[in-house]
Structure formats: structure tokens, C-alpha cells
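One file, work_37.cif, is given below (mmCIF, N, CA and C atoms and all ligand atoms).
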data_model
#
loop_
_atom_site.label_atom_id
_atom_site.label_comp_id
_atom_site.auth_asym_id
_atom_site.auth_seq_id
_atom_site.Cartn_x
_atom_site.Cartn_y
_atom_site.Cartn_z
N MET A 22 96.82 54.93 -24.90
CA MET A 22 96.39 53.54 -24.70
C MET A 22 95.00 53.54 -24.05
N THR A 23 94.18 52.61 -24.44
CA THR A 23 92.82 52.54 -23.87
C THR A 23 92.73 51.37 -22.91
N THR A 24 91.68 51.37 -22.11
CA THR A 24 91.45 50.28 -21.18
C THR A 24 89.99 49.87 -21.25
N ASP A 25 89.72 48.58 -21.11
CA ASP A 25 88.33 48.14 -21.09
C ASP A 25 87.84 47.98 -19.65
N SER A 26 88.62 48.52 -18.69
CA SER A 26 88.25 48.41 -17.28
C SER A 26 87.03 49.28 -17.00
N ASP A 27 85.97 48.70 -16.45
CA ASP A 27 84.82 49.53 -16.06
C ASP A 27 84.86 49.87 -14.57
N THR A 28 86.03 49.74 -13.97
CA THR A 28 86.22 50.13 -12.57
C THR A 28 86.45 51.64 -12.48
N ILE A 29 86.48 52.15 -11.27
CA ILE A 29 86.79 53.57 -11.07
C ILE A 29 88.17 53.90 -11.65
N PHE A 30 89.10 52.96 -11.60
CA PHE A 30 90.43 53.26 -12.15
C PHE A 30 90.37 53.37 -13.68
N GLY A 31 89.54 52.54 -14.32
CA GLY A 31 89.35 52.67 -15.76
C GLY A 31 88.81 54.06 -16.10
N LYS A 32 87.84 54.50 -15.30
CA LYS A 32 87.24 55.83 -15.54
C LYS A 32 88.30 56.93 -15.35
N ILE A 33 89.13 56.80 -14.33
CA ILE A 33 90.18 57.81 -14.10
C ILE A 33 91.16 57.81 -15.27
N ILE A 34 91.56 56.63 -15.72
CA ILE A 34 92.51 56.53 -16.84
C ILE A 34 91.93 57.19 -18.09
N ARG A 35 90.64 57.00 -18.31
CA ARG A 35 90.00 57.56 -19.51
C ARG A 35 89.61 59.02 -19.33
N GLY A 36 89.87 59.57 -18.14
CA GLY A 36 89.54 60.98 -17.90
C GLY A 36 88.07 61.19 -17.60
N GLU A 37 87.35 60.11 -17.25
CA GLU A 37 85.91 60.22 -16.99
C GLU A 37 85.61 60.43 -15.50
N ALA A 38 86.63 60.33 -14.67
CA ALA A 38 86.47 60.57 -13.23
C ALA A 38 87.71 61.32 -12.75
N PRO A 39 87.56 62.18 -11.75
CA PRO A 39 88.69 62.99 -11.29
C PRO A 39 89.64 62.20 -10.40
N ALA A 40 90.88 62.64 -10.36
CA ALA A 40 91.87 62.06 -9.44
C ALA A 40 93.03 63.02 -9.37
N GLU A 41 93.78 62.95 -8.27
CA GLU A 41 94.99 63.76 -8.16
C GLU A 41 96.15 62.94 -8.70
N LYS A 42 96.48 63.21 -9.94
CA LYS A 42 97.56 62.45 -10.61
C LYS A 42 98.91 62.97 -10.17
N VAL A 43 99.82 62.07 -9.85
CA VAL A 43 101.19 62.47 -9.52
C VAL A 43 102.17 62.00 -10.58
N PHE A 44 101.71 61.15 -11.51
CA PHE A 44 102.59 60.64 -12.57
C PHE A 44 101.70 60.11 -13.68
N GLU A 45 102.16 60.27 -14.92
CA GLU A 45 101.48 59.62 -16.04
C GLU A 45 102.45 59.47 -17.19
N ASP A 46 102.43 58.30 -17.85
CA ASP A 46 103.10 58.13 -19.13
C ASP A 46 102.23 57.21 -19.97
N ASP A 47 102.78 56.66 -21.05
CA ASP A 47 101.96 55.85 -21.95
C ASP A 47 101.44 54.58 -21.28
N ASP A 48 102.15 54.08 -20.29
CA ASP A 48 101.82 52.78 -19.69
C ASP A 48 101.07 52.87 -18.37
N LEU A 49 101.35 53.91 -17.59
CA LEU A 49 100.91 53.96 -16.19
C LEU A 49 100.34 55.32 -15.83
N ILE A 50 99.46 55.31 -14.80
CA ILE A 50 99.21 56.55 -14.07
C ILE A 50 99.47 56.25 -12.59
N ALA A 51 99.74 57.30 -11.84
CA ALA A 51 99.82 57.18 -10.38
C ALA A 51 98.99 58.30 -9.81
N ILE A 52 98.19 57.96 -8.80
CA ILE A 52 97.27 58.93 -8.18
C ILE A 52 97.39 58.84 -6.67
N ARG A 53 96.92 59.90 -6.00
CA ARG A 53 96.81 59.83 -4.54
C ARG A 53 95.57 59.04 -4.17
N ASP A 54 95.72 58.12 -3.20
CA ASP A 54 94.57 57.35 -2.74
C ASP A 54 93.57 58.29 -2.07
N ILE A 55 92.30 58.07 -2.39
CA ILE A 55 91.24 58.95 -1.87
C ILE A 55 91.01 58.73 -0.38
N ASN A 56 91.44 57.58 0.12
CA ASN A 56 91.23 57.24 1.53
C ASN A 56 92.56 56.77 2.11
N PRO A 57 93.51 57.72 2.28
CA PRO A 57 94.90 57.32 2.58
C PRO A 57 95.05 56.59 3.91
N LEU A 58 95.85 55.54 3.89
CA LEU A 58 96.13 54.76 5.09
C LEU A 58 97.35 55.30 5.84
N ALA A 59 98.04 56.27 5.25
CA ALA A 59 99.22 56.87 5.88
C ALA A 59 99.41 58.25 5.27
N LYS A 60 100.40 58.97 5.77
CA LYS A 60 100.62 60.35 5.29
C LYS A 60 100.81 60.38 3.77
N VAL A 61 101.52 59.40 3.25
CA VAL A 61 101.66 59.26 1.80
C VAL A 61 101.03 57.93 1.39
N HIS A 62 100.08 58.00 0.48
CA HIS A 62 99.45 56.77 -0.03
C HIS A 62 99.11 57.02 -1.49
N LEU A 63 99.91 56.41 -2.37
CA LEU A 63 99.75 56.54 -3.81
C LEU A 63 99.37 55.19 -4.40
N LEU A 64 98.78 55.23 -5.58
CA LEU A 64 98.44 54.02 -6.31
C LEU A 64 99.05 54.11 -7.70
N VAL A 65 99.83 53.10 -8.09
CA VAL A 65 100.42 53.04 -9.43
C VAL A 65 99.58 52.04 -10.23
N ILE A 66 99.01 52.52 -11.33
CA ILE A 66 97.97 51.76 -12.04
C ILE A 66 98.34 51.63 -13.52
N PRO A 67 98.38 50.39 -14.05
CA PRO A 67 98.65 50.25 -15.48
C PRO A 67 97.44 50.68 -16.30
N LYS A 68 97.69 51.32 -17.43
CA LYS A 68 96.57 51.73 -18.29
C LYS A 68 95.92 50.53 -18.95
N THR A 69 96.71 49.52 -19.26
CA THR A 69 96.13 48.30 -19.81
C THR A 69 95.43 47.53 -18.68
N PHE A 70 94.35 46.86 -18.99
CA PHE A 70 93.57 46.19 -17.94
C PHE A 70 94.12 44.81 -17.60
N ILE A 71 94.49 44.68 -16.33
CA ILE A 71 94.83 43.38 -15.73
C ILE A 71 94.02 43.37 -14.45
N ARG A 72 93.26 42.33 -14.19
CA ARG A 72 92.35 42.38 -13.03
C ARG A 72 93.11 42.48 -11.72
N ASP A 73 94.06 41.60 -11.54
CA ASP A 73 94.88 41.60 -10.32
C ASP A 73 96.15 40.82 -10.61
N ILE A 74 97.04 40.73 -9.64
CA ILE A 74 98.35 40.13 -9.91
C ILE A 74 98.22 38.66 -10.31
N SER A 75 97.14 37.99 -9.88
CA SER A 75 96.96 36.58 -10.25
C SER A 75 96.68 36.42 -11.74
N GLN A 76 96.28 37.50 -12.40
CA GLN A 76 95.98 37.46 -13.83
C GLN A 76 97.17 37.91 -14.68
N ALA A 77 98.25 38.30 -14.03
CA ALA A 77 99.42 38.76 -14.78
C ALA A 77 100.17 37.54 -15.34
N ASN A 78 100.83 37.72 -16.47
CA ASN A 78 101.58 36.61 -17.07
C ASN A 78 102.91 37.13 -17.61
N GLU A 79 103.63 36.22 -18.27
CA GLU A 79 104.97 36.55 -18.78
C GLU A 79 104.98 37.84 -19.61
N SER A 80 103.90 38.06 -20.34
CA SER A 80 103.88 39.23 -21.23
C SER A 80 103.83 40.54 -20.44
N HIS A 81 103.53 40.44 -19.14
CA HIS A 81 103.43 41.64 -18.31
C HIS A 81 104.70 41.93 -17.51
N LYS A 82 105.74 41.09 -17.70
CA LYS A 82 106.94 41.21 -16.85
C LYS A 82 107.52 42.63 -16.84
N GLU A 83 107.65 43.19 -18.02
CA GLU A 83 108.27 44.52 -18.12
C GLU A 83 107.39 45.57 -17.44
N LEU A 84 106.08 45.46 -17.66
CA LEU A 84 105.14 46.41 -17.07
C LEU A 84 105.17 46.32 -15.54
N LEU A 85 105.21 45.09 -15.01
CA LEU A 85 105.23 44.92 -13.55
C LEU A 85 106.52 45.50 -12.96
N GLY A 86 107.63 45.27 -13.64
CA GLY A 86 108.90 45.84 -13.17
C GLY A 86 108.84 47.36 -13.19
N LYS A 87 108.25 47.89 -14.23
CA LYS A 87 108.13 49.35 -14.33
C LYS A 87 107.26 49.90 -13.20
N MET A 88 106.18 49.20 -12.88
CA MET A 88 105.31 49.65 -11.77
C MET A 88 106.13 49.77 -10.48
N MET A 89 106.95 48.77 -10.21
CA MET A 89 107.75 48.80 -8.98
C MET A 89 108.75 49.95 -9.00
N LEU A 90 109.41 50.14 -10.15
CA LEU A 90 110.41 51.20 -10.23
C LEU A 90 109.77 52.58 -10.15
N VAL A 91 108.61 52.75 -10.77
CA VAL A 91 107.90 54.03 -10.65
C VAL A 91 107.46 54.24 -9.21
N GLY A 92 106.99 53.17 -8.56
CA GLY A 92 106.62 53.29 -7.14
C GLY A 92 107.79 53.75 -6.31
N ALA A 93 108.96 53.19 -6.54
CA ALA A 93 110.16 53.58 -5.79
C ALA A 93 110.56 55.02 -6.10
N GLN A 94 110.43 55.42 -7.37
CA GLN A 94 110.76 56.80 -7.75
C GLN A 94 109.80 57.79 -7.08
N LEU A 95 108.51 57.43 -7.05
CA LEU A 95 107.53 58.32 -6.42
C LEU A 95 107.80 58.44 -4.93
N ALA A 96 108.21 57.34 -4.31
CA ALA A 96 108.57 57.41 -2.88
C ALA A 96 109.72 58.39 -2.68
N ARG A 97 110.68 58.35 -3.60
CA ARG A 97 111.81 59.30 -3.56
C ARG A 97 111.28 60.72 -3.72
N ASP A 98 110.40 60.91 -4.74
CA ASP A 98 109.86 62.25 -5.02
C ASP A 98 109.06 62.79 -3.82
N GLU A 99 108.40 61.90 -3.11
CA GLU A 99 107.55 62.31 -1.97
C GLU A 99 108.37 62.52 -0.71
N GLY A 100 109.67 62.20 -0.78
CA GLY A 100 110.56 62.41 0.35
C GLY A 100 110.42 61.38 1.46
N ILE A 101 109.93 60.17 1.11
CA ILE A 101 109.73 59.14 2.14
C ILE A 101 110.73 57.99 2.01
N GLU A 102 111.69 58.13 1.09
CA GLU A 102 112.62 57.04 0.85
C GLU A 102 113.45 56.73 2.10
N ASN A 103 113.95 57.75 2.75
CA ASN A 103 114.83 57.51 3.89
C ASN A 103 114.08 56.91 5.06
N GLY A 104 112.87 57.38 5.31
CA GLY A 104 112.07 56.86 6.42
C GLY A 104 111.59 55.44 6.17
N GLY A 105 111.36 55.11 4.91
CA GLY A 105 110.90 53.78 4.55
C GLY A 105 109.45 53.82 4.09
N TYR A 106 109.09 52.80 3.34
CA TYR A 106 107.74 52.75 2.77
C TYR A 106 107.43 51.32 2.38
N ARG A 107 106.19 51.10 1.97
CA ARG A 107 105.73 49.75 1.60
C ARG A 107 105.12 49.79 0.20
N LEU A 108 105.47 48.81 -0.62
CA LEU A 108 104.83 48.61 -1.92
C LEU A 108 103.99 47.34 -1.81
N THR A 109 102.70 47.44 -2.12
CA THR A 109 101.80 46.31 -1.88
C THR A 109 100.83 46.10 -3.03
N PHE A 110 100.66 44.83 -3.42
CA PHE A 110 99.55 44.43 -4.28
C PHE A 110 98.57 43.65 -3.42
N ASN A 111 97.32 44.04 -3.39
CA ASN A 111 96.30 43.20 -2.78
C ASN A 111 95.72 42.29 -3.85
N CYS A 112 95.39 41.06 -3.45
CA CYS A 112 94.81 40.10 -4.40
C CYS A 112 93.74 39.29 -3.69
N GLY A 113 92.51 39.41 -4.13
CA GLY A 113 91.43 38.57 -3.60
C GLY A 113 90.81 39.12 -2.33
N ASP A 114 89.73 38.46 -1.91
CA ASP A 114 88.92 38.94 -0.78
C ASP A 114 89.70 38.99 0.51
N ASP A 115 90.51 37.96 0.79
CA ASP A 115 91.21 37.92 2.07
C ASP A 115 92.19 39.07 2.22
N ALA A 116 92.68 39.56 1.10
CA ALA A 116 93.61 40.71 1.15
C ALA A 116 92.86 42.03 1.11
N GLY A 117 91.54 41.96 0.93
CA GLY A 117 90.73 43.18 0.93
C GLY A 117 90.75 43.92 -0.40
N LEU A 118 90.92 43.18 -1.49
CA LEU A 118 90.90 43.85 -2.81
C LEU A 118 89.53 44.49 -3.02
N LEU A 119 89.55 45.79 -3.28
CA LEU A 119 88.30 46.54 -3.50
C LEU A 119 88.08 46.86 -4.97
N VAL A 120 89.15 47.20 -5.65
CA VAL A 120 89.03 47.65 -7.04
C VAL A 120 89.73 46.62 -7.94
N PRO A 121 88.95 45.86 -8.73
CA PRO A 121 89.54 44.80 -9.56
C PRO A 121 90.17 45.32 -10.84
N HIS A 122 91.15 46.18 -10.68
CA HIS A 122 92.04 46.64 -11.75
C HIS A 122 93.40 46.79 -11.08
N LEU A 123 94.39 46.06 -11.57
CA LEU A 123 95.69 45.98 -10.89
C LEU A 123 96.20 47.35 -10.44
N HIS A 124 96.72 47.41 -9.23
CA HIS A 124 97.31 48.65 -8.72
C HIS A 124 98.30 48.31 -7.63
N LEU A 125 99.34 49.11 -7.59
CA LEU A 125 100.39 48.96 -6.59
C LEU A 125 100.25 50.09 -5.58
N HIS A 126 100.08 49.74 -4.30
CA HIS A 126 100.02 50.76 -3.26
C HIS A 126 101.43 51.18 -2.88
N VAL A 127 101.65 52.48 -2.75
CA VAL A 127 102.90 53.04 -2.22
C VAL A 127 102.51 53.76 -0.93
N ILE A 128 102.92 53.21 0.21
CA ILE A 128 102.43 53.71 1.49
C ILE A 128 103.61 54.03 2.40
N GLY A 129 103.60 55.23 2.98
CA GLY A 129 104.68 55.60 3.89
C GLY A 129 104.49 56.99 4.44
N GLY A 130 105.60 57.55 4.91
CA GLY A 130 105.55 58.87 5.49
C GLY A 130 105.33 58.85 6.99
N GLN A 131 105.21 57.67 7.55
CA GLN A 131 105.05 57.49 9.00
C GLN A 131 105.37 56.04 9.32
N LYS A 132 105.51 55.74 10.60
CA LYS A 132 105.74 54.36 11.03
C LYS A 132 104.51 53.52 10.66
N LEU A 133 104.74 52.40 9.95
CA LEU A 133 103.63 51.55 9.53
C LEU A 133 103.51 50.35 10.46
N GLY A 134 102.29 49.87 10.65
CA GLY A 134 102.08 48.66 11.42
C GLY A 134 102.56 47.45 10.63
N ALA A 135 102.70 46.33 11.32
CA ALA A 135 103.13 45.10 10.65
C ALA A 135 102.05 44.70 9.66
N PRO A 136 102.43 44.27 8.45
CA PRO A 136 101.41 43.83 7.49
C PRO A 136 100.71 42.58 8.01
N ALA A 137 99.39 42.55 7.90
CA ALA A 137 98.64 41.40 8.42
C ALA A 137 98.91 40.17 7.58
P1 LIG A 201 92.49 47.71 -2.91
O1 LIG A 201 91.88 47.37 -1.57
O2 LIG A 201 93.89 47.16 -3.05
O3 LIG A 201 91.59 47.31 -4.05
O4 LIG A 201 92.65 49.27 -2.91
C1 LIG A 201 91.87 50.14 -3.65
C2 LIG A 201 92.23 51.53 -3.21
O5 LIG A 201 91.65 52.45 -4.11
C3 LIG A 201 91.72 51.90 -1.81
O6 LIG A 201 92.83 52.25 -1.00
C4 LIG A 201 90.78 53.07 -2.07
O7 LIG A 201 90.84 54.05 -1.05
C5 LIG A 201 91.29 53.60 -3.39
N1 LIG A 201 90.31 54.32 -4.19
C6 LIG A 201 89.04 53.96 -4.49
N2 LIG A 201 88.46 54.88 -5.27
C7 LIG A 201 89.37 55.85 -5.48
C8 LIG A 201 89.37 57.09 -6.20
N3 LIG A 201 88.29 57.51 -6.88
N4 LIG A 201 90.50 57.83 -6.20
C9 LIG A 201 91.60 57.42 -5.52
N5 LIG A 201 91.67 56.26 -4.82
C10 LIG A 201 90.57 55.50 -4.80
#

As C-alpha cells, please, write out the structure in this file.
Amino acid sequence: MTTDSDTIFGKIIRGEAPAEKVFEDDDLIAIRDINPLAKVHLLVIPKTFIRDISQANESHKELLGKMMLVGAQLARDEGIENGGYRLTFNCGDDAGLLVPHLHLHVIGGQKLGAPA
């Protein structure tokens, strides 16, 4: 599958930029965040381009569900399921969205602060 995303995530998906991939299939990749906020910080990224969750629609329902389930599976694989973890979508400036290509943060492996 191709993406028209000209973000860093588009480049990673197309193999034009490096990343530490922890999962890949036809629909998604998951990588380690380059600037981790906790001991485990992964990003689950759809190969198809959706700017952010506000741009998702009914046609993306299955993909969004898959992102969540893959995030939960990766948390299990990383051994952080029992301790607990957070799945987060940032949307817009107030949430600190940096990369305008949809991605789900999987954050855990230590006690997390309250979400702002
Ligand atoms: P957000 O604020 O939700 O847009 O988060 C974007 C995330 O992407 C941040 O946590 C960044 O550290 C991460 N990031 C940016 N560039 C890269 C990269 N080349 N490889 C891995 N993670 C990245």
C-alpha cells in the first residue's frame, strides 16, 4: 500500500527514512518513538494517509479498531500489560500534534503522570 503523506511517517512507511519497526502488515506499521516519553513508547501508524483522528470517517472504522488492537498486542509483547499503559491520539495544536499523519501512541513501562 502506498501513502501520499509527505511527513516523516510517510517517508518511514515508504522506506525512505529509517525507523526501528516492531510490527508491520499491509495496513499498519509500528515503530519505537525516537524521543520516548517513557520506558516503552511505540507509535502505531496506518499506511494509508489520514491527517489526524478528526479526519477519520466511517470508512476507517475497521482500521481504527485494528490500530487499538495492535497497540494492545504490542503492549503485551513489550511486557507492559500487567503494569498498565496508555493509548493516545493527539489532535491539533493544544494536544501538541507534531506529525500530521495519524498515529497511536503506546506508552508505558513505568508509572505515568496524569494526562493533561
Ligand atoms: P505527536 O505529538 O502526537 O504528533 O507525536 C509525534 C511523535 O513522533 C513524537 O513523540 C516524536 O518523538 C515522534 N517522532 C518524530 N519523528 C520520529 C522518527 N523519525 N522516528 C520515530 N518517532 C518519531

Can you work out which one of A:Ile34, A:Val43, A:Leu58, A:Met89 has the shortest atom-to-atom distance to ligand LIG 201 (chain A), counting only C-alpha atoms and all ligand atoms?
A:Leu58

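Nearest to A:Ala96 of all the residues A:Ile128, A:Leu84, A:Ile55, A:Leu49 is A:Ile128, based on all atoms listed in the file.
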
Could you please extract the residues within 10 Å of ligand LIG 201 (chain A), counting only C-alpha atoms and all ligand atoms, and hand them back as a VMD selection string?
chain A and resid 28 to 30 32 to 33 38 to 42 51 to 58 62 to 64 73 109 to 114 116 to 126

Selected residues, N, CA and C atoms, written as a short mmCIF file (atom, residue, chain, number, x, y, z; two decimals), in the frame of the given file, please.
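Output (out_27.cif):
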data_model
loop_
_atom_site.label_atom_id
_atom_site.label_comp_id
_atom_site.auth_asym_id
_atom_site.auth_seq_id
_atom_site.Cartn_x
_atom_site.Cartn_y
_atom_site.Cartn_z
N THR A 28 86.03 49.74 -13.97
CA THR A 28 86.22 50.13 -12.57
C THR A 28 86.45 51.64 -12.48
N ILE A 29 86.48 52.15 -11.27
CA ILE A 29 86.79 53.57 -11.07
C ILE A 29 88.17 53.90 -11.65
N PHE A 30 89.10 52.96 -11.60
CA PHE A 30 90.43 53.26 -12.15
C PHE A 30 90.37 53.37 -13.68
N LYS A 32 87.84 54.50 -15.30
CA LYS A 32 87.24 55.83 -15.54
C LYS A 32 88.30 56.93 -15.35
N ILE A 33 89.13 56.80 -14.33
CA ILE A 33 90.18 57.81 -14.10
C ILE A 33 91.16 57.81 -15.27
N ALA A 38 86.63 60.33 -14.67
CA ALA A 38 86.47 60.57 -13.23
C ALA A 38 87.71 61.32 -12.75
N PRO A 39 87.56 62.18 -11.75
CA PRO A 39 88.69 62.99 -11.29
C PRO A 39 89.64 62.20 -10.40
N ALA A 40 90.88 62.64 -10.36
CA ALA A 40 91.87 62.06 -9.44
C ALA A 40 93.03 63.02 -9.37
N GLU A 41 93.78 62.95 -8.27
CA GLU A 41 94.99 63.76 -8.16
C GLU A 41 96.15 62.94 -8.70
N LYS A 42 96.48 63.21 -9.94
CA LYS A 42 97.56 62.45 -10.61
C LYS A 42 98.91 62.97 -10.17
N ALA A 51 99.74 57.30 -11.84
CA ALA A 51 99.82 57.18 -10.38
C ALA A 51 98.99 58.30 -9.81
N ILE A 52 98.19 57.96 -8.80
CA ILE A 52 97.27 58.93 -8.18
C ILE A 52 97.39 58.84 -6.67
N ARG A 53 96.92 59.90 -6.00
CA ARG A 53 96.81 59.83 -4.54
C ARG A 53 95.57 59.04 -4.17
N ASP A 54 95.72 58.12 -3.20
CA ASP A 54 94.57 57.35 -2.74
C ASP A 54 93.57 58.29 -2.07
N ILE A 55 92.30 58.07 -2.39
CA ILE A 55 91.24 58.95 -1.87
C ILE A 55 91.01 58.73 -0.38
N ASN A 56 91.44 57.58 0.12
CA ASN A 56 91.23 57.24 1.53
C ASN A 56 92.56 56.77 2.11
N PRO A 57 93.51 57.72 2.28
CA PRO A 57 94.90 57.32 2.58
C PRO A 57 95.05 56.59 3.91
N LEU A 58 95.85 55.54 3.89
CA LEU A 58 96.13 54.76 5.09
C LEU A 58 97.35 55.30 5.84
N HIS A 62 100.08 58.00 0.48
CA HIS A 62 99.45 56.77 -0.03
C HIS A 62 99.11 57.02 -1.49
N LEU A 63 99.91 56.41 -2.37
CA LEU A 63 99.75 56.54 -3.81
C LEU A 63 99.37 55.19 -4.40
N LEU A 64 98.78 55.23 -5.58
CA LEU A 64 98.44 54.02 -6.31
C LEU A 64 99.05 54.11 -7.70
N ASP A 73 94.06 41.60 -11.54
CA ASP A 73 94.88 41.60 -10.32
C ASP A 73 96.15 40.82 -10.61
N THR A 109 102.70 47.44 -2.12
CA THR A 109 101.80 46.31 -1.88
C THR A 109 100.83 46.10 -3.03
N PHE A 110 100.66 44.83 -3.42
CA PHE A 110 99.55 44.43 -4.28
C PHE A 110 98.57 43.65 -3.42
N ASN A 111 97.32 44.04 -3.39
CA ASN A 111 96.30 43.20 -2.78
C ASN A 111 95.72 42.29 -3.85
N CYS A 112 95.39 41.06 -3.45
CA CYS A 112 94.81 40.10 -4.40
C CYS A 112 93.74 39.29 -3.69
N GLY A 113 92.51 39.41 -4.13
CA GLY A 113 91.43 38.57 -3.60
C GLY A 113 90.81 39.12 -2.33
N ASP A 114 89.73 38.46 -1.91
CA ASP A 114 88.92 38.94 -0.78
C ASP A 114 89.70 38.99 0.51
N ALA A 116 92.68 39.56 1.10
CA ALA A 116 93.61 40.71 1.15
C ALA A 116 92.86 42.03 1.11
N GLY A 117 91.54 41.96 0.93
CA GLY A 117 90.73 43.18 0.93
C GLY A 117 90.75 43.92 -0.40
N LEU A 118 90.92 43.18 -1.49
CA LEU A 118 90.90 43.85 -2.81
C LEU A 118 89.53 44.49 -3.02
N LEU A 119 89.55 45.79 -3.28
CA LEU A 119 88.30 46.54 -3.50
C LEU A 119 88.08 46.86 -4.97
N VAL A 120 89.15 47.20 -5.65
CA VAL A 120 89.03 47.65 -7.04
C VAL A 120 89.73 46.62 -7.94
N PRO A 121 88.95 45.86 -8.73
CA PRO A 121 89.54 44.80 -9.56
C PRO A 121 90.17 45.32 -10.84
N HIS A 122 91.15 46.18 -10.68
CA HIS A 122 92.04 46.64 -11.75
C HIS A 122 93.40 46.79 -11.08
N LEU A 123 94.39 46.06 -11.57
CA LEU A 123 95.69 45.98 -10.89
C LEU A 123 96.20 47.35 -10.44
N HIS A 124 96.72 47.41 -9.23
CA HIS A 124 97.31 48.65 -8.72
C HIS A 124 98.30 48.31 -7.63
N LEU A 125 99.34 49.11 -7.59
CA LEU A 125 100.39 48.96 -6.59
C LEU A 125 100.25 50.09 -5.58
N HIS A 126 100.08 49.74 -4.30
CA HIS A 126 100.02 50.76 -3.26
C HIS A 126 101.43 51.18 -2.88
#

Atom-to-atom span, atom CA of A:Pro136 and atom CA of A:Ile50, Å
25.1 Å

Which residue is closest to A:Arg97? Choose from A:Asp48, A:Lys132, A:Val127, A:Ile66 and count only C-alpha atoms.
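Residue with the minimum atom-to-atom distance to A:Arg97: A:Val127.
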
Enumerate the residues of chain A with a DSSP assignment of strand (DSSP E or B), computed from the backbone, and present them as a ChimeraX atom specification.
/A:42-45,49-53,61-67,106-109,125-129

Which residue gives the smallest distance to A:Gly92 among A:Ala77, A:Val65, A:Ala137, A:Ile71, with only C-alpha atoms counted?
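Among A:Ala77, A:Val65, A:Ala137, A:Ile71, it is A:Val65 that comes nearest to A:Gly92.
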
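Across the structure, atom CA of A:Gly31 and atom N of A:Lys60 are spaced 25.0 Å apart.
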
Using all atoms listed in the file, the shortest atom-to-atom distance to A:Met88 among A:Leu133, A:Gly104, A:Pro67, A:Ile74 belongs to A:Pro67

d(atom CA of A:Val61, atom N of A:Gly129) in Å:
4.6 Å
